[in-house]
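File shown here: my_file14.cif, holding mmCIF, C-alpha atoms.
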```cif
data_run
#
loop_
_atom_site.group_PDB
_atom_site.id
_atom_site.type_symbol
_atom_site.label_atom_id
_atom_site.label_comp_id
_atom_site.auth_asym_id
_atom_site.auth_seq_id
_atom_site.Cartn_x
_atom_site.Cartn_y
_atom_site.Cartn_z
ATOM 1 C CA MET A 1 7.975 -6.492 -7.910
ATOM 2 C CA PRO A 2 4.506 -6.100 -6.342
ATOM 3 C CA GLU A 3 4.827 -6.663 -2.596
ATOM 4 C CA GLY A 4 2.413 -8.028 -0.014
ATOM 5 C CA HIS A 5 0.079 -5.044 0.204
ATOM 6 C CA THR A 6 -0.641 -5.217 -3.541
ATOM 7 C CA VAL A 7 -1.639 -8.874 -3.474
ATOM 8 C CA HIS A 8 -3.929 -8.332 -0.483
ATOM 9 C CA ARG A 9 -5.609 -5.534 -2.429
ATOM 10 C CA ILE A 10 -6.019 -7.894 -5.378
ATOM 11 C CA ALA A 11 -7.687 -10.450 -3.110
ATOM 12 C CA ARG A 12 -10.033 -7.818 -1.681
ATOM 13 C CA GLN A 13 -10.926 -6.525 -5.138
ATOM 14 C CA MET A 14 -11.703 -10.021 -6.364
ATOM 15 C CA THR A 15 -13.751 -10.716 -3.245
ATOM 16 C CA LEU A 16 -15.883 -7.701 -4.083
ATOM 17 C CA ASP A 17 -16.245 -8.287 -7.816
ATOM 18 C CA LEU A 18 -15.705 -11.977 -8.621
ATOM 19 C CA VAL A 19 -16.396 -14.091 -5.540
ATOM 20 C CA GLY A 20 -19.864 -15.654 -5.569
ATOM 21 C CA ARG A 21 -20.167 -15.391 -9.338
ATOM 22 C CA ARG A 22 -20.014 -18.034 -12.019
ATOM 23 C CA LEU A 23 -17.068 -17.153 -14.224
ATOM 24 C CA ALA A 24 -16.180 -17.679 -17.826
ATOM 25 C CA VAL A 25 -12.498 -18.606 -17.655
ATOM 26 C CA SER A 26 -10.288 -18.621 -20.727
ATOM 27 C CA SER A 27 -6.647 -18.347 -21.753
ATOM 28 C CA PRO A 28 -6.424 -15.941 -24.707
ATOM 29 C CA GLN A 29 -2.670 -16.568 -24.895
ATOM 30 C CA GLY A 30 -3.213 -20.328 -24.848
ATOM 31 C CA ARG A 31 -0.533 -21.149 -22.262
ATOM 32 C CA PHE A 32 -3.142 -21.802 -19.547
ATOM 33 C CA ALA A 33 -5.733 -23.549 -21.710
ATOM 34 C CA ALA A 34 -5.985 -26.736 -19.627
ATOM 35 C CA GLY A 35 -6.250 -24.861 -16.348
ATOM 36 C CA ALA A 36 -8.828 -22.471 -17.783
ATOM 37 C CA ALA A 37 -10.960 -25.378 -19.010
ATOM 38 C CA ARG A 38 -10.866 -26.863 -15.499
ATOM 39 C CA LEU A 39 -12.256 -23.637 -13.992
ATOM 40 C CA ASP A 40 -14.554 -22.458 -16.779
ATOM 41 C CA GLY A 41 -18.172 -22.099 -15.693
ATOM 42 C CA ARG A 42 -17.372 -22.596 -12.010
ATOM 43 C CA THR A 43 -18.097 -20.179 -9.158
ATOM 44 C CA MET A 44 -15.283 -18.490 -7.269
ATOM 45 C CA THR A 45 -15.980 -18.975 -3.552
ATOM 46 C CA SER A 46 -13.062 -17.066 -2.019
ATOM 47 C CA ALA A 47 -9.994 -15.009 -2.840
ATOM 48 C CA SER A 48 -7.184 -14.624 -0.339
ATOM 49 C CA ALA A 49 -3.536 -13.628 -0.191
ATOM 50 C CA VAL A 50 -0.596 -14.931 1.785
ATOM 51 C CA GLY A 51 2.458 -12.782 1.259
ATOM 52 C CA LYS A 52 2.941 -12.301 -2.474
ATOM 53 C CA GLN A 53 0.718 -15.223 -3.500
ATOM 54 C CA LEU A 54 -2.955 -15.123 -4.454
ATOM 55 C CA PHE A 55 -5.282 -18.088 -3.909
ATOM 56 C CA CYS A 56 -8.697 -18.098 -5.640
ATOM 57 C CA THR A 57 -10.868 -21.037 -4.582
ATOM 58 C CA PHE A 58 -13.717 -22.388 -6.730
ATOM 59 C CA ASP A 59 -16.799 -24.424 -5.868
ATOM 60 C CA THR A 60 -15.097 -27.611 -7.075
ATOM 61 C CA GLY A 61 -12.387 -27.163 -4.436
ATOM 62 C CA ASP A 62 -9.854 -26.267 -7.126
ATOM 63 C CA VAL A 63 -7.585 -23.311 -6.332
ATOM 64 C CA LEU A 64 -6.102 -20.873 -8.831
ATOM 65 C CA ARG A 65 -2.668 -19.894 -7.471
ATOM 66 C CA VAL A 66 -0.985 -16.815 -8.904
ATOM 67 C CA HIS A 67 2.405 -15.291 -8.132
ATOM 68 C CA LEU A 68 2.897 -12.084 -10.094
ATOM 69 C CA GLY A 69 6.681 -12.059 -9.866
ATOM 70 C CA LEU A 70 8.524 -9.113 -11.383
ATOM 71 C CA TYR A 71 6.262 -8.384 -14.331
ATOM 72 C CA GLY A 72 2.836 -9.851 -13.601
ATOM 73 C CA ALA A 73 -0.277 -7.697 -13.414
ATOM 74 C CA TRP A 74 -4.048 -7.940 -13.331
ATOM 75 C CA ASP A 75 -6.087 -5.524 -15.450
ATOM 76 C CA LEU A 76 -9.729 -5.109 -14.472
ATOM 77 C CA HIS A 77 -12.396 -3.764 -16.792
ATOM 78 C CA GLY A 78 -15.982 -2.913 -15.991
ATOM 79 C CA ASP A 79 -17.946 -2.076 -12.860
ATOM 80 C CA VAL A 80 -15.080 -2.431 -10.421
ATOM 81 C CA SER A 81 -16.144 -1.801 -6.827
ATOM 82 C CA PRO A 82 -14.558 0.703 -4.424
ATOM 83 C CA LEU A 83 -12.123 -0.873 -1.973
ATOM 84 C CA GLY A 84 -13.204 1.378 0.887
ATOM 85 C CA ALA A 85 -15.851 3.899 1.854
ATOM 86 C CA GLY A 86 -15.837 6.713 -0.674
ATOM 87 C CA GLN A 87 -13.004 5.151 -2.660
ATOM 88 C CA ARG A 88 -12.671 3.954 -6.216
ATOM 89 C CA ALA A 89 -10.200 1.311 -7.293
ATOM 90 C CA ARG A 90 -7.199 3.123 -8.777
ATOM 91 C CA GLY A 91 -5.173 1.278 -11.354
ATOM 92 C CA SER A 92 -3.781 -2.164 -12.054
ATOM 93 C CA LEU A 93 -3.367 -5.122 -9.779
ATOM 94 C CA GLY A 94 0.319 -5.780 -10.027
ATOM 95 C CA ALA A 95 3.336 -4.245 -11.668
ATOM 96 C CA PRO A 96 2.558 -0.564 -12.300
ATOM 97 C CA ARG A 97 2.010 0.352 -15.927
ATOM 98 C CA VAL A 98 0.579 3.862 -15.927
ATOM 99 C CA ARG A 99 -2.188 4.727 -18.330
ATOM 100 C CA SER A 100 -3.736 8.155 -18.805
ATOM 101 C CA GLY A 101 -7.394 9.065 -18.568
ATOM 102 C CA ALA A 102 -9.926 10.356 -16.089
ATOM 103 C CA PRO A 103 -12.226 8.249 -13.871
ATOM 104 C CA THR A 104 -15.775 7.863 -15.071
ATOM 105 C CA ASP A 105 -19.040 6.431 -13.831
ATOM 106 C CA ALA A 106 -20.245 5.262 -17.232
ATOM 107 C CA GLN A 107 -21.030 1.718 -18.383
ATOM 108 C CA PRO A 108 -18.714 -1.276 -17.743
ATOM 109 C CA SER A 109 -16.789 -0.945 -20.989
ATOM 110 C CA SER A 110 -15.711 2.598 -20.068
ATOM 111 C CA ARG A 111 -13.216 1.637 -17.305
ATOM 112 C CA ARG A 112 -9.802 0.033 -17.379
ATOM 113 C CA LEU A 113 -8.059 -0.407 -14.029
ATOM 114 C CA ARG A 114 -4.559 -1.404 -13.072
ATOM 115 C CA MET A 115 -3.463 -1.487 -9.419
ATOM 116 C CA GLY A 116 -0.004 -1.738 -7.970
ATOM 117 C CA GLU A 117 2.601 0.444 -6.310
ATOM 118 C CA GLY A 118 1.327 3.195 -8.595
ATOM 119 C CA GLU A 119 -2.408 2.826 -9.127
ATOM 120 C CA THR A 120 -4.108 4.326 -12.157
ATOM 121 C CA GLU A 121 -7.500 4.393 -13.798
ATOM 122 C CA SER A 122 -8.233 5.164 -17.433
ATOM 123 C CA THR A 123 -11.222 5.450 -19.698
ATOM 124 C CA VAL A 124 -11.950 3.334 -22.742
ATOM 125 C CA PRO A 125 -13.264 5.083 -25.861
ATOM 126 C CA ALA A 126 -17.033 5.165 -26.235
ATOM 127 C CA GLY A 127 -18.348 2.371 -28.402
ATOM 128 C CA THR A 128 -15.674 -0.119 -27.393
ATOM 129 C CA ALA A 129 -17.073 -3.641 -27.478
ATOM 130 C CA TRP A 130 -17.928 -5.468 -24.277
ATOM 131 C CA PRO A 131 -16.208 -7.544 -23.141
ATOM 132 C CA PRO A 132 -13.080 -5.725 -24.289
ATOM 133 C CA PRO A 133 -10.752 -7.738 -26.525
ATOM 134 C CA PRO A 134 -7.637 -9.086 -24.757
ATOM 135 C CA VAL A 135 -4.612 -6.819 -25.106
ATOM 136 C CA GLY A 136 -1.155 -8.383 -25.179
ATOM 137 C CA GLN A 137 -0.259 -11.791 -23.777
ATOM 138 C CA VAL A 138 -3.188 -12.498 -21.448
ATOM 139 C CA ARG A 139 -2.495 -15.737 -19.575
ATOM 140 C CA VAL A 140 -5.969 -16.048 -18.048
ATOM 141 C CA ARG A 141 -9.219 -14.098 -18.279
ATOM 142 C CA LEU A 142 -11.900 -14.236 -15.567
ATOM 143 C CA ASP A 143 -15.222 -12.860 -16.819
ATOM 144 C CA SER A 144 -18.188 -12.355 -14.486
ATOM 145 C CA GLY A 145 -20.284 -10.545 -17.080
ATOM 146 C CA SER A 146 -19.875 -7.107 -15.495
ATOM 147 C CA VAL A 147 -16.180 -7.324 -14.569
ATOM 148 C CA VAL A 148 -13.355 -8.836 -16.595
ATOM 149 C CA ALA A 149 -9.977 -9.575 -14.971
ATOM 150 C CA ASP A 150 -7.007 -10.213 -17.269
ATOM 151 C CA LEU A 151 -3.732 -11.663 -15.967
ATOM 152 C CA ARG A 152 -0.500 -11.185 -17.875
ATOM 153 C CA GLY A 153 3.155 -11.924 -17.154
ATOM 154 C CA PRO A 154 2.932 -13.919 -13.902
ATOM 155 C CA THR A 155 5.774 -16.021 -12.523
ATOM 156 C CA ALA A 156 3.265 -18.701 -11.499
ATOM 157 C CA CYS A 157 -0.292 -19.433 -12.603
ATOM 158 C CA GLU A 158 -1.640 -22.900 -11.885
ATOM 159 C CA VAL A 159 -4.681 -24.833 -10.709
ATOM 160 C CA LEU A 160 -4.156 -26.812 -7.509
ATOM 161 C CA THR A 161 -6.283 -29.103 -5.401
ATOM 162 C CA ALA A 162 -7.204 -27.848 -1.959
ATOM 163 C CA ALA A 163 -4.555 -30.115 -0.424
ATOM 164 C CA GLU A 164 -1.868 -28.891 -2.812
ATOM 165 C CA ALA A 165 -2.744 -25.268 -2.088
ATOM 166 C CA ALA A 166 -2.537 -25.948 1.651
ATOM 167 C CA LEU A 167 0.984 -27.299 1.209
ATOM 168 C CA VAL A 168 2.033 -24.115 -0.613
ATOM 169 C CA ARG A 169 0.612 -21.984 2.204
ATOM 170 C CA GLU A 170 2.395 -24.076 4.823
ATOM 171 C CA ARG A 171 5.750 -23.367 3.186
ATOM 172 C CA LEU A 172 5.244 -19.618 3.558
ATOM 173 C CA GLY A 173 6.257 -17.633 6.611
ATOM 174 C CA PRO A 174 3.739 -15.686 8.718
ATOM 175 C CA ASP A 175 1.737 -12.878 7.132
ATOM 176 C CA PRO A 176 0.387 -10.274 9.613
ATOM 177 C CA GLN A 177 -2.890 -10.106 7.702
ATOM 178 C CA THR A 178 -3.640 -13.827 7.927
ATOM 179 C CA VAL A 179 -2.412 -14.963 11.355
ATOM 180 C CA ASP A 180 -4.778 -15.484 14.271
ATOM 181 C CA ASP A 181 -2.297 -14.368 16.938
ATOM 182 C CA LEU A 182 0.094 -11.593 15.905
ATOM 183 C CA ASP A 183 2.402 -12.079 18.883
ATOM 184 C CA ALA A 184 2.610 -15.845 18.476
ATOM 185 C CA ALA A 185 3.355 -15.449 14.766
ATOM 186 C CA GLY A 186 6.036 -12.939 15.681
ATOM 187 C CA GLU A 187 7.777 -15.577 17.776
ATOM 188 C CA VAL A 188 7.901 -17.829 14.712
ATOM 189 C CA VAL A 189 9.650 -15.044 12.811
ATOM 190 C CA VAL A 190 12.020 -14.439 15.732
ATOM 191 C CA ASP A 191 12.998 -18.107 15.741
ATOM 192 C CA ARG A 192 13.500 -18.277 11.968
ATOM 193 C CA VAL A 193 15.701 -15.175 11.974
ATOM 194 C CA THR A 194 17.785 -15.663 15.124
ATOM 195 C CA ARG A 195 18.758 -19.284 14.519
ATOM 196 C CA ARG A 196 20.431 -18.596 11.173
ATOM 197 C CA ASN A 197 23.790 -17.078 10.315
ATOM 198 C CA VAL A 198 22.443 -15.430 7.151
ATOM 199 C CA ALA A 199 22.312 -11.630 6.831
ATOM 200 C CA VAL A 200 19.076 -10.286 8.284
ATOM 201 C CA GLY A 201 18.487 -8.301 5.085
ATOM 202 C CA GLN A 202 18.427 -11.547 3.129
ATOM 203 C CA LEU A 203 16.261 -13.341 5.682
ATOM 204 C CA LEU A 204 13.531 -10.691 5.503
ATOM 205 C CA MET A 205 13.245 -11.367 1.760
ATOM 206 C CA ASP A 206 12.962 -15.126 2.341
ATOM 207 C CA GLN A 207 9.234 -15.883 2.010
ATOM 208 C CA SER A 208 9.588 -18.954 4.229
ATOM 209 C CA VAL A 209 10.755 -16.688 7.074
ATOM 210 C CA VAL A 210 8.130 -13.955 6.755
ATOM 211 C CA ALA A 211 5.668 -13.534 3.894
ATOM 212 C CA GLY A 212 5.129 -10.461 1.754
ATOM 213 C CA ILE A 213 8.270 -8.390 2.261
ATOM 214 C CA GLY A 214 9.981 -7.286 -0.943
ATOM 215 C CA ASN A 215 12.879 -4.993 -1.746
ATOM 216 C CA ILE A 216 11.155 -1.748 -0.767
ATOM 217 C CA TYR A 217 9.707 -2.916 2.530
ATOM 218 C CA ARG A 218 12.976 -4.706 3.370
ATOM 219 C CA ALA A 219 15.041 -1.543 2.963
ATOM 220 C CA GLU A 220 12.572 0.614 4.845
ATOM 221 C CA LEU A 221 11.926 -1.781 7.743
ATOM 222 C CA LEU A 222 15.647 -2.111 8.405
ATOM 223 C CA PHE A 223 16.162 1.641 8.259
ATOM 224 C CA ARG A 224 13.253 2.261 10.616
ATOM 225 C CA ALA A 225 14.853 -0.282 12.973
ATOM 226 C CA ARG A 226 18.261 1.408 12.442
ATOM 227 C CA LEU A 227 19.680 -2.066 11.803
ATOM 228 C CA ASP A 228 22.598 -2.897 9.512
ATOM 229 C CA PRO A 229 21.159 -5.290 6.852
ATOM 230 C CA TRP A 230 24.409 -7.318 6.832
ATOM 231 C CA THR A 231 24.055 -8.332 10.497
ATOM 232 C CA PRO A 232 23.766 -12.152 10.753
ATOM 233 C CA GLY A 233 20.322 -13.186 11.919
ATOM 234 C CA ARG A 234 21.596 -15.059 14.961
ATOM 235 C CA GLN A 235 23.286 -11.855 16.156
ATOM 236 C CA VAL A 236 20.100 -9.765 16.037
ATOM 237 C CA PRO A 237 18.448 -9.453 19.470
ATOM 238 C CA ALA A 238 15.046 -11.135 19.669
ATOM 239 C CA ASP A 239 13.374 -7.913 20.806
ATOM 240 C CA LEU A 240 14.665 -6.129 17.718
ATOM 241 C CA VAL A 241 13.196 -8.822 15.457
ATOM 242 C CA ARG A 242 9.886 -8.550 17.340
ATOM 243 C CA GLY A 243 9.929 -4.805 16.718
ATOM 244 C CA ILE A 244 10.507 -5.321 12.991
ATOM 245 C CA TRP A 245 7.615 -7.814 12.855
ATOM 246 C CA ARG A 246 5.252 -5.386 14.599
ATOM 247 C CA ASP A 247 6.413 -2.580 12.313
ATOM 248 C CA TRP A 248 5.786 -4.825 9.290
ATOM 249 C CA ALA A 249 2.215 -5.377 10.495
ATOM 250 C CA VAL A 250 1.694 -1.599 10.669
ATOM 251 C CA LEU A 251 3.273 -0.863 7.275
ATOM 252 C CA LEU A 252 1.402 -3.693 5.564
ATOM 253 C CA ASP A 253 -1.942 -2.531 6.925
ATOM 254 C CA ASP A 254 -1.196 1.023 5.834
ATOM 255 C CA GLY A 255 -0.120 -0.124 2.354
ATOM 256 C CA ILE A 256 -3.309 -2.124 1.874
ATOM 257 C CA ARG A 257 -5.417 0.836 2.920
ATOM 258 C CA GLU A 258 -3.537 3.464 0.899
ATOM 259 C CA GLY A 259 -2.551 1.423 -2.147
ATOM 260 C CA VAL A 260 1.023 2.749 -1.959
ATOM 261 C CA MET A 261 4.064 1.994 0.199
ATOM 262 C CA LEU A 262 4.413 5.079 2.386
ATOM 263 C CA THR A 263 7.159 4.228 4.856
ATOM 264 C CA ARG A 264 8.246 7.568 6.335
ATOM 265 C CA GLU A 265 6.735 7.949 9.781
ATOM 266 C CA ASP A 266 7.825 11.594 10.018
ATOM 267 C CA LEU A 267 5.220 12.847 7.533
ATOM 268 C CA ASP A 268 2.204 14.851 8.678
ATOM 269 C CA ASP A 269 -1.109 14.694 6.813
ATOM 270 C CA ALA A 270 0.025 17.227 4.216
ATOM 271 C CA GLY A 271 3.313 15.384 3.796
ATOM 272 C CA ARG A 272 1.549 12.062 3.299
ATOM 273 C CA GLU A 273 -0.720 13.586 0.690
ATOM 274 C CA ALA A 274 2.281 14.995 -1.170
ATOM 275 C CA ALA A 275 4.012 11.597 -0.982
ATOM 276 C CA ARG A 276 0.974 9.855 -2.457
ATOM 277 C CA ARG A 277 1.467 12.012 -5.539
ATOM 278 C CA ASP A 278 5.281 11.977 -5.590
ATOM 279 C CA PRO A 279 7.047 8.601 -5.110
ATOM 280 C CA THR A 280 10.372 10.322 -4.328
ATOM 281 C CA LEU A 281 8.905 11.541 -1.017
ATOM 282 C CA ARG A 282 7.683 8.145 0.235
ATOM 283 C CA HIS A 283 10.790 6.401 1.521
ATOM 284 C CA TRP A 284 13.771 6.865 3.822
ATOM 285 C CA VAL A 285 16.432 5.056 1.772
ATOM 286 C CA TYR A 286 14.847 3.056 -1.069
ATOM 287 C CA GLN A 287 15.999 4.394 -4.469
ATOM 288 C CA ARG A 288 17.943 7.162 -2.717
ATOM 289 C CA GLY A 289 21.393 5.799 -3.514
ATOM 290 C CA GLY A 290 24.005 8.575 -3.321
ATOM 291 C CA LEU A 291 21.523 11.071 -1.875
ATOM 292 C CA PRO A 292 21.886 12.379 1.685
ATOM 293 C CA CYS A 293 20.149 10.406 4.401
ATOM 294 C CA LEU A 294 17.032 12.266 5.484
ATOM 295 C CA VAL A 295 18.061 11.840 9.128
ATOM 296 C CA CYS A 296 21.843 12.316 9.275
ATOM 297 C CA GLY A 297 22.902 13.568 5.840
ATOM 298 C CA THR A 298 25.278 10.674 5.093
ATOM 299 C CA ALA A 299 25.098 9.421 1.506
ATOM 300 C CA VAL A 300 22.795 6.413 1.146
ATOM 301 C CA VAL A 301 24.690 3.338 -0.047
ATOM 302 C CA VAL A 302 23.506 0.965 -2.787
ATOM 303 C CA GLU A 303 24.877 -2.575 -2.608
ATOM 304 C CA GLU A 304 23.928 -6.001 -3.909
ATOM 305 C CA MET A 305 22.551 -8.671 -1.613
ATOM 306 C CA ALA A 306 21.480 -12.009 -3.090
ATOM 307 C CA THR A 307 21.226 -10.446 -6.594
ATOM 308 C CA ARG A 308 18.907 -7.631 -5.419
ATOM 309 C CA LYS A 309 19.741 -3.978 -4.789
ATOM 310 C CA LEU A 310 20.083 -3.087 -1.123
ATOM 311 C CA TYR A 311 19.734 0.489 0.120
ATOM 312 C CA ARG A 312 21.018 1.544 3.548
ATOM 313 C CA CYS A 313 22.449 4.453 5.493
ATOM 314 C CA PRO A 314 25.887 3.378 6.757
ATOM 315 C CA ALA A 315 25.725 5.877 9.619
ATOM 316 C CA CYS A 316 22.184 5.378 10.922
ATOM 317 C CA GLN A 317 22.018 1.612 10.429
ATOM 318 C CA VAL A 318 24.410 -0.191 12.723
ATOM 319 C CA ALA A 319 24.982 -3.721 13.952
ATOM 320 C CA PRO A 320 23.907 -4.489 17.539
ATOM 321 C CA SER A 321 26.653 -4.274 20.132
ATOM 322 C CA GLY A 322 29.077 -7.160 19.637
ATOM 323 C CA ALA A 323 27.552 -8.215 16.323
ATOM 324 C CA ALA A 324 29.249 -8.293 12.934
ATOM 325 C CA GLY A 325 27.853 -5.753 10.489
ATOM 326 C CA GLY A 326 28.774 -4.040 7.265
ATOM 327 C CA ARG A 327 29.927 -5.754 4.136
#
```

Let's see the structure in the file written out as structure tokens.
Amino acid sequence: MPEGHTVHRIARQMTLDLVGRRLAVSSPQGRFAAGAARLDGRTMTSASAVGKQLFCTFDTGDVLRVHLGLYGAWDLHGDVSPLGAGQRARGSLGAPRVRSGAPTDAQPSSRRLRMGEGETESTVPAGTAWPPPPVGQVRVRLDSGSVVADLRGPTACEVLTAAEAALVRERLGPDPQTVDDLDAAGEVVVDRVTRRNVAVGQLLMDQSVVAGIGNIYRAELLFRARLDPWTPGRQVPADLVRGIWRDWAVLLDDGIREGVMLTREDLDDAGREAARRDPTLRHWVYQRGGLPCLVCGTAVVVEEMATRKLYRCPACQVAPSGAAGGR
């Protein structure tokens, strides 16, 4: 599932390429026909992310809310802007579906982009019509004339009023990228974790506690904190929760900048570059079940927590003194 850094990158890409432009909005699949008609011909005025949710506001005040879920993705075609100095957008906005092809600086119809945990860029054969025909089950298409954004497979895609969108945002926990005061927001997270008797590993995945953390970041944050995921929230010291929140702010910022989740802090510049190319080098415990812990050599354990796979090192990750840990 795309995690918080991916959705923030989506919002930034749309800010560059769709905000301020009058859009032709359609639903090639037909399942979003009424919503598309409501937005068609309107100008997108902002695009923002909170956790895993994207909010695109239009000049009518209507808000397109999208949650990609497990399988959702945005494909962009055309003159897609770089996300940073000297950068090009690399891939699809959402669940990674790798396509082959080399980057090109040709006309709009020559690029197809998909961004996610694994970002890729591919070329479209010369002579392909513009705009490109929808491929697969496209729920909604946003067409600015020079950039086309196709959404497929989302968990949620709906048009809300400004008031309705505000209510959705209010139900979400703090997101380090959107809060005004990082420390104050951290205290909200501390309170929501330490007053509950639910396993801290489950609480970090609860979007009403803290927004944007998914299975990968959950596993890695808890390993970096050397905390047993099964420790009840109310038994986790407040300072340890504050440390996890600050670490989440660092990892999220890095993920947005890099476009990948690189969670090993022991890597030098050469190691980070190798990890960008090889996903097996990026993480401490995630998807390393049965392999030796990179710190102590103990086999990494894979368990199930609230229907999701949980990765942890049973030797490095311990419960705080006096707290219940382990399964």

Explicit residues for the PyMOL selection byres ((chain A and resi 32) around 10) (as a list in words):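 That selection, the PyMOL selection byres ((chain A and resi 32) around 10), comes back as Ser26, Ser27, Pro28, Gln29, Gly30, Arg31, Ala33, Ala34, Gly35, Ala36, Ala37, Val138, Arg139, Val140, Arg141, Cys157, Glu158 and Val159 of chain A.
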
Distance cut-off 9 Å, centre (-9.2, -22.3, -7.5) in file coordinates, counting all atoms listed in the file: which residues qualify? Return them as a PyMOL selection string. chain A and resi 39+44-47+55-65+158-162+165

Once you have the residues from the selection above, write them out as a short mmCIF file (atom, residue, chain, number, x, y, z; two decimals), in the coordinates of the input, restricted to C-alpha atoms.
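And here is the file that came out, out-v9.cif:
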```
data_model
loop_
_atom_site.label_atom_id
_atom_site.label_comp_id
_atom_site.auth_asym_id
_atom_site.auth_seq_id
_atom_site.Cartn_x
_atom_site.Cartn_y
_atom_site.Cartn_z
CA LEU A 39 -12.26 -23.64 -13.99
CA MET A 44 -15.28 -18.49 -7.27
CA THR A 45 -15.98 -18.98 -3.55
CA SER A 46 -13.06 -17.07 -2.02
CA ALA A 47 -9.99 -15.01 -2.84
CA PHE A 55 -5.28 -18.09 -3.91
CA CYS A 56 -8.70 -18.10 -5.64
CA THR A 57 -10.87 -21.04 -4.58
CA PHE A 58 -13.72 -22.39 -6.73
CA ASP A 59 -16.80 -24.42 -5.87
CA THR A 60 -15.10 -27.61 -7.08
CA GLY A 61 -12.39 -27.16 -4.44
CA ASP A 62 -9.85 -26.27 -7.13
CA VAL A 63 -7.58 -23.31 -6.33
CA LEU A 64 -6.10 -20.87 -8.83
CA ARG A 65 -2.67 -19.89 -7.47
CA GLU A 158 -1.64 -22.90 -11.88
CA VAL A 159 -4.68 -24.83 -10.71
CA LEU A 160 -4.16 -26.81 -7.51
CA THR A 161 -6.28 -29.10 -5.40
CA ALA A 162 -7.20 -27.85 -1.96
CA ALA A 165 -2.74 -25.27 -2.09
#
```

Could you tell me, as a PyMOL selection string, which residues have any atom at most 12 Å from (31.6, -4.7, 7.7), counting all atoms listed in the file? chain A and resi 199+228-232+314+317-319+323-327

Once the PyMOL selection byres ((chain A and resi 7) around 8) has been evaluated on this model, what residues remain selected, and can you format them as a PyMOL selection string? chain A and resi 2-6+8-11+49+51-54+93-94

Written as a VMD selection string, what is the full residue list that the PyMOL selection byres ((chain A and resi 185) around 10) yields on the file shown? chain A and resid 173 to 176 178 to 184 186 to 190 210 242 245

C-alpha atoms of the current selection, written as a PDB file, keeping the file's coordinate frame:
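Printed below is selection.pdb as written:
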```pdb
ATOM      1  CA  GLY A 173       6.257 -17.633   6.611  1.00  0.00           C
ATOM      2  CA  PRO A 174       3.739 -15.686   8.718  1.00  0.00           C
ATOM      3  CA  ASP A 175       1.737 -12.878   7.132  1.00  0.00           C
ATOM      4  CA  PRO A 176       0.387 -10.274   9.613  1.00  0.00           C
ATOM      5  CA  THR A 178      -3.640 -13.827   7.927  1.00  0.00           C
ATOM      6  CA  VAL A 179      -2.412 -14.963  11.355  1.00  0.00           C
ATOM      7  CA  ASP A 180      -4.778 -15.484  14.271  1.00  0.00           C
ATOM      8  CA  ASP A 181      -2.297 -14.368  16.938  1.00  0.00           C
ATOM      9  CA  LEU A 182       0.094 -11.593  15.905  1.00  0.00           C
ATOM     10  CA  ASP A 183       2.402 -12.079  18.883  1.00  0.00           C
ATOM     11  CA  ALA A 184       2.610 -15.845  18.476  1.00  0.00           C
ATOM     12  CA  GLY A 186       6.036 -12.939  15.681  1.00  0.00           C
ATOM     13  CA  GLU A 187       7.777 -15.577  17.776  1.00  0.00           C
ATOM     14  CA  VAL A 188       7.901 -17.829  14.712  1.00  0.00           C
ATOM     15  CA  VAL A 189       9.650 -15.044  12.811  1.00  0.00           C
ATOM     16  CA  VAL A 190      12.020 -14.439  15.732  1.00  0.00           C
ATOM     17  CA  VAL A 210       8.130 -13.955   6.755  1.00  0.00           C
ATOM     18  CA  ARG A 242       9.886  -8.550  17.340  1.00  0.00           C
ATOM     19  CA  TRP A 245       7.615  -7.814  12.855  1.00  0.00           C
TER      20      TRP A 245
END
```

Please indicate the distance in Å from atom CA of A:Cys296 to atom CA of A:Asp269, rounded to one decimal place.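 Taking atom CA of A:Cys296 and atom CA of A:Asp269, their separation equals 23.2 Å.
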
Go through A:Pro131, A:Pro237, A:Pro279, A:Gly214 and flag the residue nearest A:Ser144, using only C-alpha atoms for the distances. A:Pro131

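Proximity of A:Gln235, A:Ser208, A:Thr43, A:Gln137 to A:Arg22, computed with only C-alpha atoms, is greatest for A:Thr43.
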
Given 6 Å on each side, where is the centre and what are the edge lengths in Å to one decimal of the axis-aligned box enclosing the listed atoms of stretch 128-140 of chain A, as JSON?
```
{"center_x": -9.1, "center_y": -8.1, "center_z": -22.8, "size_x": 29.7, "size_y": 27.9, "size_z": 21.4}
```

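Our summary of the geometry notes that atom CA of A:Phe223 is positioned 21.4 Å from atom CA of A:Gly259.
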
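Pairwise distance (atom CA of A:Leu310, atom CA of A:Cys293) equals 14.6 Å.
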
Given only C-alpha atoms as the basis, pick out the residue of A:Ala24, A:Ala156, A:Ala211, A:Val236 nearest to A:Leu142. A:Ala24
